[in-house]
Structure formats: structure tokens, C-alpha cells
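This is data_14.cif. It holds mmCIF, C-alpha atoms.
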data_entry
loop_
_atom_site.label_atom_id
_atom_site.label_comp_id
_atom_site.auth_asym_id
_atom_site.auth_seq_id
_atom_site.Cartn_x
_atom_site.Cartn_y
_atom_site.Cartn_z
CA MET A 129 4.20 -9.21 15.94
CA SER A 130 5.38 -7.59 19.17
CA ILE A 131 5.11 -3.84 19.76
CA ASP A 132 8.91 -3.48 19.64
CA ARG A 133 9.15 -5.39 16.36
CA ALA A 134 6.24 -3.44 14.90
CA SER A 135 7.82 -0.12 15.92
CA GLY A 136 11.13 -1.20 14.44
CA ALA A 137 9.44 -2.16 11.17
CA VAL A 138 7.66 1.20 10.97
CA GLN A 139 10.93 3.05 11.63
CA ARG A 140 12.75 1.04 8.95
CA ILE A 141 9.99 1.65 6.41
CA THR A 142 9.90 5.37 7.28
CA GLU A 143 13.65 5.72 6.79
CA GLU A 144 13.50 3.90 3.46
CA VAL A 145 10.58 5.95 2.18
CA TYR A 146 12.05 9.30 3.24
CA GLY A 147 15.17 8.34 1.32
CA MET A 148 13.00 8.54 -1.79
CA PHE A 149 11.30 11.55 -3.38
CA LEU A 150 14.52 13.58 -3.51
CA LYS A 151 13.88 15.05 -6.94
CA LEU A 152 10.93 16.88 -8.47
CA SER A 153 10.14 18.86 -11.60
CA VAL A 154 8.13 22.04 -12.14
CA LEU A 155 6.34 23.43 -15.20
CA VAL A 156 7.46 27.06 -15.55
CA ARG A 157 6.13 30.10 -17.45
CA ASP A 158 8.13 32.90 -19.06
CA ASP A 159 7.75 34.95 -15.87
CA GLN A 160 9.09 32.00 -13.80
CA SER A 161 5.73 31.34 -12.14
CA VAL A 162 4.21 27.85 -12.09
CA ALA A 163 2.73 26.98 -15.48
CA GLY A 164 0.08 24.67 -16.78
CA ILE A 165 0.71 22.27 -19.64
CA GLU A 166 -0.60 24.76 -22.21
CA ASP A 167 1.55 27.77 -21.21
CA CYS A 168 4.67 25.94 -20.09
CA CYS A 169 7.91 27.00 -21.75
CA GLN A 170 10.49 25.59 -19.34
CA ILE A 171 11.00 22.68 -16.97
CA SER A 172 12.96 23.17 -13.77
CA VAL A 173 14.23 20.14 -11.86
CA TYR A 174 14.97 20.44 -8.14
CA GLN A 175 16.86 18.04 -5.92
CA LEU A 176 17.09 17.76 -2.15
CA GLU A 177 20.70 17.66 -1.00
CA GLU A 178 21.83 17.97 2.61
CA GLY A 179 18.39 19.22 3.63
CA ARG A 180 18.16 21.96 0.99
CA TRP A 181 16.30 22.10 -2.33
CA SER A 182 18.39 23.31 -5.25
CA ALA A 183 17.62 23.76 -8.95
CA VAL A 184 19.93 21.25 -10.62
CA HIS A 185 18.65 21.27 -14.16
CA SER A 186 16.36 23.26 -16.45
CA PHE A 187 15.50 23.00 -20.11
CA GLN A 188 13.14 24.55 -22.62
CA TRP A 189 9.96 22.60 -23.26
CA GLN A 190 6.54 23.41 -24.58
CA LEU A 191 3.76 21.34 -25.99
CA GLY A 192 3.15 23.65 -28.96
CA GLU A 193 -0.06 24.76 -30.60
CA ARG A 194 -1.02 21.45 -32.22
CA SER A 195 -3.81 19.76 -30.30
CA GLY A 196 -4.05 16.25 -31.74
CA MET A 197 -3.90 13.35 -29.28
CA SER A 198 -0.88 11.77 -30.92
CA HIS A 199 0.97 15.10 -30.78
CA ILE A 200 0.13 15.57 -27.09
CA ARG A 201 1.09 12.01 -26.19
CA LYS A 202 4.37 12.26 -28.09
CA GLY A 203 5.18 15.59 -26.44
CA ILE A 204 4.54 14.29 -22.91
CA GLN A 205 6.48 11.08 -23.59
CA GLY A 206 9.40 13.17 -24.80
CA LEU A 207 9.28 15.23 -21.60
CA ILE A 208 9.21 12.07 -19.49
CA GLU A 209 12.35 10.81 -21.23
CA GLN A 210 14.11 14.11 -20.53
CA LEU A 211 13.16 13.92 -16.84
CA GLY A 212 15.00 10.63 -16.39
CA ASP A 213 14.48 9.20 -12.90
CA CYS A 214 12.40 12.14 -11.66
CA ARG A 215 8.83 11.00 -11.06
CA ILE A 216 7.22 14.04 -9.43
CA ILE A 217 5.78 16.85 -11.53
CA ILE A 218 4.21 20.11 -10.34
CA GLY A 219 2.08 22.39 -12.49
CA ARG A 220 -0.70 24.91 -12.29
CA LYS A 221 -3.02 22.64 -14.27
CA ILE A 222 -2.34 19.09 -15.48
CA THR A 223 -5.47 17.37 -16.74
CA GLY A 224 -6.80 15.23 -19.57
CA LEU A 225 -4.43 13.24 -21.74
CA PRO A 226 -1.23 14.74 -20.25
CA TYR A 227 -2.40 13.67 -16.79
CA HIS A 228 -3.11 10.12 -17.96
CA VAL A 229 0.26 9.79 -19.72
CA PHE A 230 2.11 11.01 -16.62
CA ASP A 231 0.03 8.76 -14.38
CA LYS A 232 0.57 5.71 -16.58
CA ASN A 233 4.31 6.30 -16.31
CA GLY A 234 4.25 6.31 -12.51
CA PHE A 235 4.35 10.05 -11.89
CA HIS A 236 3.09 11.78 -8.77
CA ILE A 237 1.18 14.78 -10.10
CA PHE A 238 0.58 17.96 -8.10
CA GLU A 239 -1.34 21.09 -9.05
CA THR A 240 -0.68 24.42 -7.34
CA ASP A 241 -0.93 28.18 -7.87
CA ARG A 242 1.65 28.83 -5.17
CA PRO A 243 5.16 30.03 -6.06
CA VAL A 244 7.83 27.37 -5.99
CA SER A 245 9.53 27.37 -2.59
CA SER A 246 11.35 25.03 -0.26
CA ALA A 247 8.25 24.93 1.93
CA LEU A 248 6.09 23.82 -1.00
CA MET A 249 8.54 21.13 -2.06
CA ASP A 250 8.94 19.93 1.54
CA SER A 251 5.16 19.66 1.93
CA ILE A 252 4.86 17.62 -1.29
CA ARG A 253 7.67 15.30 -0.25
CA THR A 254 6.16 14.84 3.21
CA GLU A 255 2.74 14.05 1.77
CA LEU A 256 4.19 11.46 -0.60
CA ALA A 257 6.38 9.91 2.07
CA GLN A 258 3.57 9.65 4.62
CA THR A 259 1.27 8.03 2.06
CA ASP A 260 3.97 5.52 1.14
CA VAL A 261 4.77 4.79 4.79
CA GLU A 262 1.10 4.07 5.48
CA ARG A 263 0.92 1.82 2.41
CA GLU A 264 4.12 -0.06 3.31
CA VAL A 265 3.09 -0.48 6.95
CA LEU A 266 -0.29 -1.84 5.83
CA ASN A 267 1.36 -4.23 3.37
CA SER A 268 3.79 -5.36 6.06
CA ALA A 269 0.93 -5.97 8.48
CA LEU A 270 -1.04 -7.92 5.87
CA GLN A 271 1.97 -10.13 5.18
CA ASN A 272 1.98 -11.13 8.85
CA ILE A 273 -1.64 -12.29 8.84
CA HIS A 274 -1.91 -16.06 8.59
CA LYS A 275 -4.29 -17.28 5.90
CA ALA A 276 -4.34 -20.88 7.14
CA PRO A 277 -3.87 -22.58 10.50
CA TYR A 278 -0.27 -22.50 11.72
CA SER A 279 1.67 -24.25 14.46
CA PRO A 280 4.29 -21.87 15.93
CA ASN A 281 5.99 -24.64 17.89
CA ASN A 282 5.44 -27.47 15.39
CA ASP A 283 3.80 -29.48 18.14
CA GLY A 284 0.53 -30.37 16.43
CA ILE A 285 -1.31 -27.46 18.05
CA TYR A 286 -2.55 -24.99 15.44
CA TYR A 287 -4.00 -21.51 15.59
CA LEU A 288 -5.93 -19.20 13.28
CA ASP A 289 -7.53 -15.81 13.92
CA LEU A 290 -10.44 -15.86 11.50
CA THR A 291 -11.65 -12.44 12.65
CA THR A 292 -8.41 -10.68 11.73
CA LEU A 293 -8.03 -12.73 8.55
CA GLN A 294 -11.49 -11.89 7.21
CA GLN A 295 -11.21 -8.23 8.14
CA ALA A 296 -8.06 -8.00 6.05
CA PHE A 297 -9.17 -10.40 3.30
CA PRO A 298 -13.01 -10.46 3.13
CA GLU A 299 -12.86 -12.73 0.09
CA ILE A 300 -11.48 -15.59 2.21
CA SER A 301 -14.39 -17.58 3.64
CA SER A 302 -14.10 -19.85 6.65
CA LYS A 303 -14.34 -22.87 4.34
CA LYS A 304 -11.54 -21.58 2.14
CA ALA A 305 -9.32 -21.03 5.17
CA LEU A 306 -10.13 -24.24 7.05
CA ARG A 307 -11.78 -27.00 5.03
CA GLN A 308 -8.67 -28.43 3.38
CA PHE A 309 -6.78 -28.25 6.66
CA LEU A 310 -9.52 -30.10 8.54
CA GLU A 311 -9.73 -32.78 5.85
CA GLU A 312 -6.01 -33.40 5.34
CA ALA A 313 -3.82 -32.06 8.16
CA GLN A 314 -2.55 -34.09 11.08
CA PHE A 315 -3.10 -32.11 14.26
CA THR A 316 -4.02 -32.59 17.90
CA GLU A 317 -5.71 -29.24 18.55
CA LEU A 318 -6.94 -26.31 16.50
CA HIS A 319 -7.67 -22.99 18.20
CA LEU A 320 -9.77 -20.48 16.31
CA ILE A 321 -10.84 -16.91 17.00
CA CYS A 322 -14.01 -15.94 15.14
CA ARG A 323 -16.88 -13.48 15.35
CA HIS A 324 -19.45 -16.00 14.11
CA ILE A 325 -19.27 -19.78 14.45
CA PRO A 326 -19.10 -21.34 10.96
CA PRO A 327 -22.22 -23.53 10.77
CA TRP A 328 -20.40 -26.35 9.00
CA LEU A 329 -17.52 -26.54 11.50
CA ALA A 330 -18.96 -28.99 14.07
CA ASP A 331 -19.84 -31.56 11.40
CA ALA A 332 -16.41 -31.25 9.80
CA ALA A 333 -14.74 -31.82 13.18
CA LYS A 334 -17.00 -34.76 13.96
CA ALA A 335 -16.08 -36.36 10.64
CA ARG A 336 -12.46 -36.32 11.85
CA GLY A 337 -13.42 -37.91 15.17
CA MET A 338 -12.86 -34.63 17.02
CA HIS A 339 -15.02 -32.34 19.10
CA THR A 340 -15.42 -28.60 19.40
CA CYS A 341 -15.38 -26.46 22.54
CA LEU A 342 -16.64 -22.88 22.59
CA SER A 343 -15.83 -19.98 24.90
CA ASP A 344 -16.74 -16.30 24.80
CA GLN A 345 -14.04 -13.65 24.61
CA GLU A 346 -14.21 -10.24 26.30
CA ASP A 347 -14.05 -8.47 22.94
CA GLY A 348 -17.21 -10.18 21.68
CA THR A 349 -15.43 -12.86 19.65
CA TYR A 350 -15.49 -16.59 20.23
CA LYS A 351 -12.63 -18.97 20.85
CA VAL A 352 -13.29 -22.36 19.29
CA THR A 353 -11.06 -25.32 20.14
CA ILE A 354 -11.16 -28.49 18.05
CA LYS A 355 -9.50 -31.57 19.48
CA LYS A 356 -9.84 -35.32 19.81
CA GLY A 357 -12.95 -36.64 21.53
CA THR A 358 -16.68 -36.90 21.04
CA LYS A 359 -18.08 -33.84 22.85
CA THR A 360 -19.55 -31.29 20.42
CA LEU A 361 -20.93 -27.76 20.49
#
Give the structure from the file, written as C-alpha cells.
Amino acid sequence: MSIDRASGAVQRITEEVYGMFLKLSVLVRDDQSVAGIEDCCQISVYQLEEGRWSAVHSFQWQLGERSGMSHIRKGIQGLIEQLGDCRIIIGRKITGLPYHVFDKNGFHIFETDRPVSSALMDSIRTELAQTDVEREVLNSALQNIHKAPYSPNNDGIYYLDLTTLQQAFPEISSKKALRQFLEEAQFTELHLICRHIPPWLADAAKARGMHTCLSDQEDGTYKVTIKKGTKTL
């Protein structure tokens, strides 16, 4: 992928991600400070509109004095239903079973002793967005890594960067990436980049009536070319 295309992809992903995380909820005490699960009596929901956070909804909620697991799970599930599409929750302390129920339902969970403010909500949104951007950029980059030899011009000349492939997918061995191709594909040349020469490669090429040529790269990798002929490594 070119630098321009990569930059464009990052910008697109960033714009998409920052269009998310526009709503969050806060556990609130009687005195309007941030509550934990145990002393929460109200939920306040905030939404970002035109660059400003506003309280758009609040309702009474408390877990109650009963401590059984089924009671706690039912109480948290009921809260989740009331929150609708909001998947960010902020509290002074959210641990144990409540944490696991929120987490299982896809919530982003934040603990803080700080008063609720626009700065706090902006920082949470930024943290979430940056994490998602990094994840999406990584996933996008991984999708562009070839897992088998490819011919960009469909001219019988194939390429594969084994070094990049195995850094991204360590579980893919050289045999898994290449053996079937070498046994079945019709090609005139295969160009490989690798950090170590697969010991089985020369014999596999020879079995196809092809030879291998090796050259060192400035970055410490090797370029291996397999093509018709009898010369071998």
C-alpha cells in the first residue's frame, strides 16, 4: 500500500471512529458525585452534540441491599436495558460480577474519583477513539498482507514477503504458505523475501524442474528467486 493510500485509510478510519462514542453514562450519588455500584442511586446519560456534552437523560437506579449473584446480575441487566445504545459507563468503583456483566455486554468501563466534567468525558472519548483507530489500522494493515504467493500483473511472476507474513502471523510456516503453491501452481518465477532460507525449499523447487537464486538484502533479509532451470542454491 502506498503512503498516500495508507494515510487516506487512516484518515477514513479516524473519522469513522470519532463519529462513535457520542454517548456515555455515569453512576451518581445523592450528592451528585460519581458513585460506585453499591452507593449509586441515579444514572445520568450524557451526549456529545455540536462539540458540547449535555445531560440528556437521568433516571433513578440502585442495586439494593440484596447481595445474591442472581439479584446482582438481574439488576445490572436491567440497567443495561435502560441504557439502550449507550455502551460507556463511568463509576467510582465497578468490580466483580457487575464488571463482568457490563464487559460481556460490550461496555467500556471507566473508574474515576474525579467530578464529571466535559474535560473528563472528552478524555474518555479520546482514549476510546485512539484505541479503536489503532485497532482498525492494524486490522486494515493485516488484511493487506498476502498469505500466499500473488501475481500483481497476472503474468506468471509471483511474489511473497515471508518476513512480513510471519511477523504478522507467526502460526503460518513457510511450508503452509508455499508448499501447495509449489506443488500445484503454474508459474514462471517466484520471488520471496525471507529472514531464513527454508531448508526444504531447494528440493521442492528441484522437484518442479526449477532452480533457486539467492541474494542478500540491505536490511538483513534474503531475496530468493525460483525459476526454470537447473542451477540451485
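With CA of Trp181 in chain A on one side and CA of Arg220 in chain A on the other, the separation reads 19.9 Å.
The smallest atom-to-atom distance between His185 in chain A and any of A:Ile165, A:Cys214, A:Val244, A:Ile321, using all atoms listed in the file, is found for A:Cys214.
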Could you expand the PyMOL selection byres ((chain A and resi 307-311) around 12) into the explicit residues it covers here, written as a PyMOL selection string? chain A and resi 275-278+286-288+300-306+312-318+326+328-338+354-355
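Matched in the shown structure by the PyMOL selection byres ((chain A and resi 349) around 7): Ile321, Cys322, Arg323, Asp344, Gln345, Asp347, Gly348, Tyr350 and Lys351 of chain A.
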Using all atoms listed in the file for the distances, tell me which of A:Ser279, A:Gly164, A:Gly196, A:Leu211 is nearest to Thr223 in chain A. A:Gly164
Report the distance between CA of Val156 in chain A and CA of Asn233 in chain A in Å, rounded to one decimal place. 21.0 Å
Go ahead and find all residues with at least one atom no further than 6 Å from (2.5, 14.2, -21.3) in the file's coordinates, using all atoms listed in the file; report them as a ChimeraX atom specification. /A:201,203-205,226,229-230
Please write out, as lines of an AutoDock Vina configuration file, where the centre of an axis-aligned box around all listed atoms of range 282-295 of chain A lies and how long its edges are, in Å to one decimal, after adding 8 Å on each side.
center_x = -3.1
center_y = -19.3
center_z = 12.7
size_x = 33.1
size_y = 38.1
size_z = 26.9
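Taking CA of Glu239 in chain A and CA of Cys169 in chain A as the two end points, the separation is 16.8 Å.
The smallest atom-to-atom distance between Leu248 in chain A and any of A:Ile208, A:Val184, A:Ile218, A:Ile200, using all atoms listed in the file, is found for A:Ile218.
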If we count all atoms listed in the file and set the cut-off at 12 Å, which residues sit around Gly219 in chain A, ignoring sequence neighbours fewer than 2 positions away in its own chain? Please answer as a PyMOL selection string. chain A and resi 152-157+160-172+216-217+221-223+226-227+236-244
Report the residues retrieved by the PyMOL selection byres ((chain A and resi 342) around 6) from the displayed file, expressed as a ChimeraX atom specification. /A:341,343,351-352
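Using all atoms listed in the file, the shortest contact distance between His274 in chain A and any of A:Ser245, A:Ser251, A:Ser198, A:Thr291 is found at A:Thr291.
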